[in-house]
Amino acid sequence: MNSLIINAIIYLLAAVVVVPIAKHFKLGSIVGYILAGILIGPFVLGLISDQKEVHTFAEFGIIMMLFLIGLEIRPSELWSMRRKFLRYGFSQILLTTLVIGLVVYYFTEQINLSIISGFVLALSSTAIVIPTLSEMSQDANNTGRSALSVLLLQDVMVIPIIALIALLSPSGMEYQNGELIQQFNNVERVVVIAATVGLIIFVVRIVGFRFFHYIAKTNQREIFIASILLIVIAVSYIMQLIGLSPALGAFLVGMLLSDNEYRHSIEVDIAPFKDILLGLFFITVGTSLNVTYALDHYTLALAAFAALLIIKGGILWGIAYQGDIEPQQRMFFAVALCQAGEFAFVLGGFAYQAQLFDYNFYTLVNVIATLSMISTPFLMRVFLKRQGKILNDAED
């Protein structure tokens, strides 16, 4: 108990000290959380050595973030974005995976490692990009909506990537999730998944509206917040049982409740929980970074980091050029999404457990992801400053 309290004090103190400094230098709060984690981690000050339990708890920050994103998107609006999913999302994932996979294969000559590393690094950071776009008032324009379509499709792609890791694993690794459907064959699993998702949609869409109306009549805010958390966590757990992403379940719940008359109340009440948990998640990301490895192999790390930005940014710019993004916004679109994302840590960990990544390669992926996520808000602000005005002014 004492160690838990001490760790909590260390986490909170690091956040309170480092995050305002990062905000002062316009690096963004998320970068501040990552830097705070690096500072207190085992490779710098060594104040935190074991953050496994905290990391598991902090992953709820990703779940809450996707719930709030879903809350802003009505099903009809999601359907209207279907062309952006195809034009930007699928093209970006496939082309980035192909190019990065070929580069990795050139140096390692390992086909399975190349395929998985291509997919892992193709995913961008929803937790970095969405808040940064919002802070810059870029989330409502065409570029912001196009970026959102790419990020949503990438979040969905986490599910088949986990399955692919299990398939390519030389050790025959089982799924991390899906305890409920392990006993079924492939066809039966599809039926169970479809039936479960359909039942969730029916219950949340039909029963959820009446449930919130009943809870709101009690005029007890804490019960209202508890009911929201209950629904989101319960659906996320059910999605995990059937082998799907808990974050995807949270997004689904948010989207189904987007037409609810209490939507704005839900958003206001949940936002503080999301911000705290998301900050905790990125502190744990910082604590897990092997700074010693990064310093000992700084040439390789910087070269790989630069290569990721160039390859991914170039592909994104080409996709924007072929799409409907305005010329003055194409480079901003590429800069906003050229980083690796938070799922690089999750999927990289799965690949390491599945013996597809060795420890050095897994650590290198973590270093690349951290560097790219830290640099993204800075690069986005530099680009906008160089343009001389906020891109919304051009649209106006």
# chains A, B, ... in the order shown; residues from 1 in each chain; ligands from 1

call {"tool": "closest_atom_pairs", "arguments": {"of": "segment 106-127 of chain A", "to": "segment 275-289 of chain A", "cutoff": "12 Å", "atoms": "only C-alpha atoms", "output": "Markdown table"}}
result
| residue | atom | partner | partner_atom | distance |
| --- | --- | --- | --- | --- |
| A:Ser125 | CA | A:Phe282 | CA | 11.6 |
| A:Thr126 | CA | A:Leu278 | CA | 11.3 |
| A:Ala127 | CA | A:Leu278 | CA | 7.9 |

call {"tool": "closest_atom_pairs", "arguments": {"of": "segment 262-366 of chain A", "to": "segment 92-111 of chain A", "cutoff": "8 Å", "atoms": "only C-alpha atoms", "output": "CSV"}}
result
residue,atom,partner,partner_atom,distance
A:Leu308,CA,A:Ile100,CA,7.9
A:Ile311,CA,A:Thr96,CA,7.4
A:Lys312,CA,A:Thr96,CA,6.1
A:Ile315,CA,A:Gln92,CA,6.9
A:Leu316,CA,A:Gln92,CA,6.5
A:Ile319,CA,A:Gln92,CA,7.2

call {"tool": "write_last_selection", "arguments": {"atoms": "N, CA, C and O atoms", "output": "compact mmCIF listing (two decimals), in the first residue's frame"}}
result
# COMPACT_ATOMS: atom_id res chain seq x y z
N LEU A 308 11.35 7.09 -40.99
CA LEU A 308 9.92 6.92 -40.79
C LEU A 308 9.16 8.18 -41.19
O LEU A 308 8.15 8.11 -41.91
N ILE A 311 9.40 8.59 -45.13
CA ILE A 311 8.61 7.59 -45.88
C ILE A 311 7.12 7.81 -45.67
O ILE A 311 6.35 7.92 -46.64
N LYS A 312 6.73 7.89 -44.42
CA LYS A 312 5.30 8.02 -44.12
C LYS A 312 4.76 9.38 -44.57
O LYS A 312 3.65 9.46 -45.13
N ILE A 315 4.35 9.41 -48.43
CA ILE A 315 3.17 8.65 -48.86
C ILE A 315 1.90 9.44 -48.56
O ILE A 315 0.98 9.51 -49.40
N LEU A 316 1.81 10.02 -47.38
CA LEU A 316 0.62 10.80 -47.00
C LEU A 316 0.45 12.02 -47.90
O LEU A 316 -0.67 12.36 -48.28
N ILE A 319 -0.94 10.80 -51.19
CA ILE A 319 -2.36 10.47 -51.06
C ILE A 319 -3.20 11.75 -51.02
O ILE A 319 -4.26 11.83 -51.65

call {"tool": "closest_residue", "arguments": {"among": "A:Gly32, A:Gly318, A:Gly61, A:Gly41", "to": "Val232 of chain A", "atoms": "only C-alpha atoms"}}
result
A:Gly61

call {"tool": "atom_distance", "arguments": {"atom1": "atom CA of Val150 of chain A", "atom2": "atom CA of Ala122 of chain A"}}
result
10.8 Å

call {"tool": "residues_around", "arguments": {"residues": "Met65 of chain A", "least_positions_apart": "5", "cutoff": "12 Å", "atoms": "only C-alpha atoms", "output": "number ranges by chain"}}
result
A: 58-60, 70-72, 125-131, 152, 155, 232, 246-251, 253-254, 267, 270-279, 281

call {"tool": "decode", "arguments": {"residues": "segment 237-284 of chain A", "atoms": "N, CA and C atoms", "output": "short mmCIF file (atom, residue, chain, number, x, y, z; two decimals), in the first residue's frame"}}
result
data_model
loop_
_atom_site.label_atom_id
_atom_site.label_comp_id
_atom_site.auth_asym_id
_atom_site.auth_seq_id
_atom_site.Cartn_x
_atom_site.Cartn_y
_atom_site.Cartn_z
N TYR A 237 -15.27 -4.64 -22.31
CA TYR A 237 -14.92 -5.98 -21.82
C TYR A 237 -15.56 -7.06 -22.69
N ILE A 238 -16.80 -6.86 -23.10
CA ILE A 238 -17.48 -7.82 -23.98
C ILE A 238 -16.75 -7.93 -25.31
N MET A 239 -16.33 -6.79 -25.85
CA MET A 239 -15.59 -6.80 -27.12
C MET A 239 -14.28 -7.56 -26.97
N GLN A 240 -13.64 -7.41 -25.81
CA GLN A 240 -12.40 -8.14 -25.57
C GLN A 240 -12.66 -9.65 -25.49
N LEU A 241 -13.78 -10.04 -24.90
CA LEU A 241 -14.10 -11.46 -24.79
C LEU A 241 -14.30 -12.12 -26.14
N ILE A 242 -14.81 -11.36 -27.12
CA ILE A 242 -15.05 -11.94 -28.45
C ILE A 242 -13.89 -11.67 -29.41
N GLY A 243 -12.76 -11.20 -28.86
CA GLY A 243 -11.56 -11.07 -29.67
C GLY A 243 -11.40 -9.75 -30.38
N LEU A 244 -12.24 -8.75 -30.08
CA LEU A 244 -12.13 -7.45 -30.71
C LEU A 244 -11.47 -6.46 -29.76
N SER A 245 -11.15 -5.29 -30.29
CA SER A 245 -10.45 -4.29 -29.50
C SER A 245 -11.40 -3.61 -28.50
N PRO A 246 -11.02 -3.51 -27.22
CA PRO A 246 -11.85 -2.78 -26.26
C PRO A 246 -12.05 -1.33 -26.67
N ALA A 247 -11.01 -0.72 -27.26
CA ALA A 247 -11.13 0.67 -27.71
C ALA A 247 -12.16 0.80 -28.81
N LEU A 248 -12.24 -0.20 -29.68
CA LEU A 248 -13.26 -0.18 -30.74
C LEU A 248 -14.66 -0.26 -30.13
N GLY A 249 -14.82 -1.04 -29.07
CA GLY A 249 -16.11 -1.12 -28.38
C GLY A 249 -16.50 0.22 -27.79
N ALA A 250 -15.54 0.93 -27.21
CA ALA A 250 -15.81 2.25 -26.65
C ALA A 250 -16.21 3.24 -27.74
N PHE A 251 -15.54 3.16 -28.87
CA PHE A 251 -15.91 4.03 -29.99
C PHE A 251 -17.31 3.73 -30.49
N LEU A 252 -17.66 2.47 -30.55
CA LEU A 252 -19.00 2.07 -30.98
C LEU A 252 -20.07 2.62 -30.04
N VAL A 253 -19.83 2.52 -28.73
CA VAL A 253 -20.79 3.05 -27.75
C VAL A 253 -20.94 4.55 -27.92
N GLY A 254 -19.84 5.25 -28.07
CA GLY A 254 -19.90 6.69 -28.26
C GLY A 254 -20.69 7.09 -29.49
N MET A 255 -20.46 6.37 -30.58
CA MET A 255 -21.17 6.68 -31.82
C MET A 255 -22.66 6.41 -31.69
N LEU A 256 -23.03 5.34 -30.98
CA LEU A 256 -24.44 5.01 -30.79
C LEU A 256 -25.15 6.02 -29.90
N LEU A 257 -24.39 6.65 -29.00
CA LEU A 257 -24.97 7.65 -28.11
C LEU A 257 -24.85 9.07 -28.64
N SER A 258 -24.34 9.22 -29.87
CA SER A 258 -24.11 10.56 -30.42
C SER A 258 -25.41 11.33 -30.65
N ASP A 259 -26.54 10.62 -30.81
CA ASP A 259 -27.83 11.28 -30.99
C ASP A 259 -28.59 11.44 -29.68
N ASN A 260 -27.99 11.03 -28.58
CA ASN A 260 -28.65 11.11 -27.29
C ASN A 260 -28.77 12.56 -26.84
N GLU A 261 -29.90 12.91 -26.24
CA GLU A 261 -30.11 14.28 -25.80
C GLU A 261 -29.15 14.69 -24.70
N TYR A 262 -28.53 13.72 -24.04
CA TYR A 262 -27.59 14.02 -22.97
C TYR A 262 -26.14 13.93 -23.44
N ARG A 263 -25.93 13.99 -24.75
CA ARG A 263 -24.60 13.82 -25.31
C ARG A 263 -23.61 14.84 -24.74
N HIS A 264 -23.98 16.10 -24.71
CA HIS A 264 -23.06 17.13 -24.24
C HIS A 264 -22.77 16.99 -22.75
N SER A 265 -23.75 16.57 -21.98
CA SER A 265 -23.51 16.32 -20.56
C SER A 265 -22.55 15.16 -20.37
N ILE A 266 -22.73 14.12 -21.18
CA ILE A 266 -21.81 12.97 -21.12
C ILE A 266 -20.39 13.41 -21.44
N GLU A 267 -20.23 14.20 -22.48
CA GLU A 267 -18.91 14.64 -22.90
C GLU A 267 -18.23 15.47 -21.82
N VAL A 268 -18.97 16.39 -21.21
CA VAL A 268 -18.40 17.25 -20.17
C VAL A 268 -18.00 16.44 -18.94
N ASP A 269 -18.81 15.45 -18.58
CA ASP A 269 -18.55 14.67 -17.37
C ASP A 269 -17.40 13.69 -17.54
N ILE A 270 -17.24 13.14 -18.75
CA ILE A 270 -16.22 12.10 -18.98
C ILE A 270 -14.87 12.70 -19.33
N ALA A 271 -14.84 13.89 -19.90
CA ALA A 271 -13.58 14.48 -20.37
C ALA A 271 -12.48 14.50 -19.29
N PRO A 272 -12.78 14.90 -18.04
CA PRO A 272 -11.70 14.88 -17.03
C PRO A 272 -11.12 13.50 -16.77
N PHE A 273 -11.96 12.46 -16.77
CA PHE A 273 -11.46 11.10 -16.59
C PHE A 273 -10.54 10.72 -17.75
N LYS A 274 -10.97 11.07 -18.95
CA LYS A 274 -10.17 10.75 -20.13
C LYS A 274 -8.82 11.44 -20.07
N ASP A 275 -8.80 12.71 -19.73
CA ASP A 275 -7.55 13.47 -19.72
C ASP A 275 -6.56 12.92 -18.69
N ILE A 276 -7.08 12.59 -17.51
CA ILE A 276 -6.21 12.07 -16.45
C ILE A 276 -5.63 10.70 -16.84
N LEU A 277 -6.50 9.80 -17.31
CA LEU A 277 -6.05 8.46 -17.66
C LEU A 277 -5.13 8.48 -18.88
N LEU A 278 -5.43 9.35 -19.84
CA LEU A 278 -4.58 9.45 -21.02
C LEU A 278 -3.20 9.99 -20.65
N GLY A 279 -3.19 10.97 -19.74
CA GLY A 279 -1.91 11.47 -19.26
C GLY A 279 -1.12 10.39 -18.55
N LEU A 280 -1.79 9.58 -17.75
CA LEU A 280 -1.14 8.48 -17.05
C LEU A 280 -0.59 7.46 -18.04
N PHE A 281 -1.33 7.21 -19.11
CA PHE A 281 -0.87 6.27 -20.14
C PHE A 281 0.45 6.75 -20.74
N PHE A 282 0.53 8.03 -21.07
CA PHE A 282 1.74 8.52 -21.73
C PHE A 282 2.91 8.65 -20.75
N ILE A 283 2.62 8.81 -19.47
CA ILE A 283 3.71 8.74 -18.49
C ILE A 283 4.30 7.33 -18.47
N THR A 284 3.44 6.31 -18.51
CA THR A 284 3.94 4.94 -18.54
C THR A 284 4.70 4.64 -19.83
#
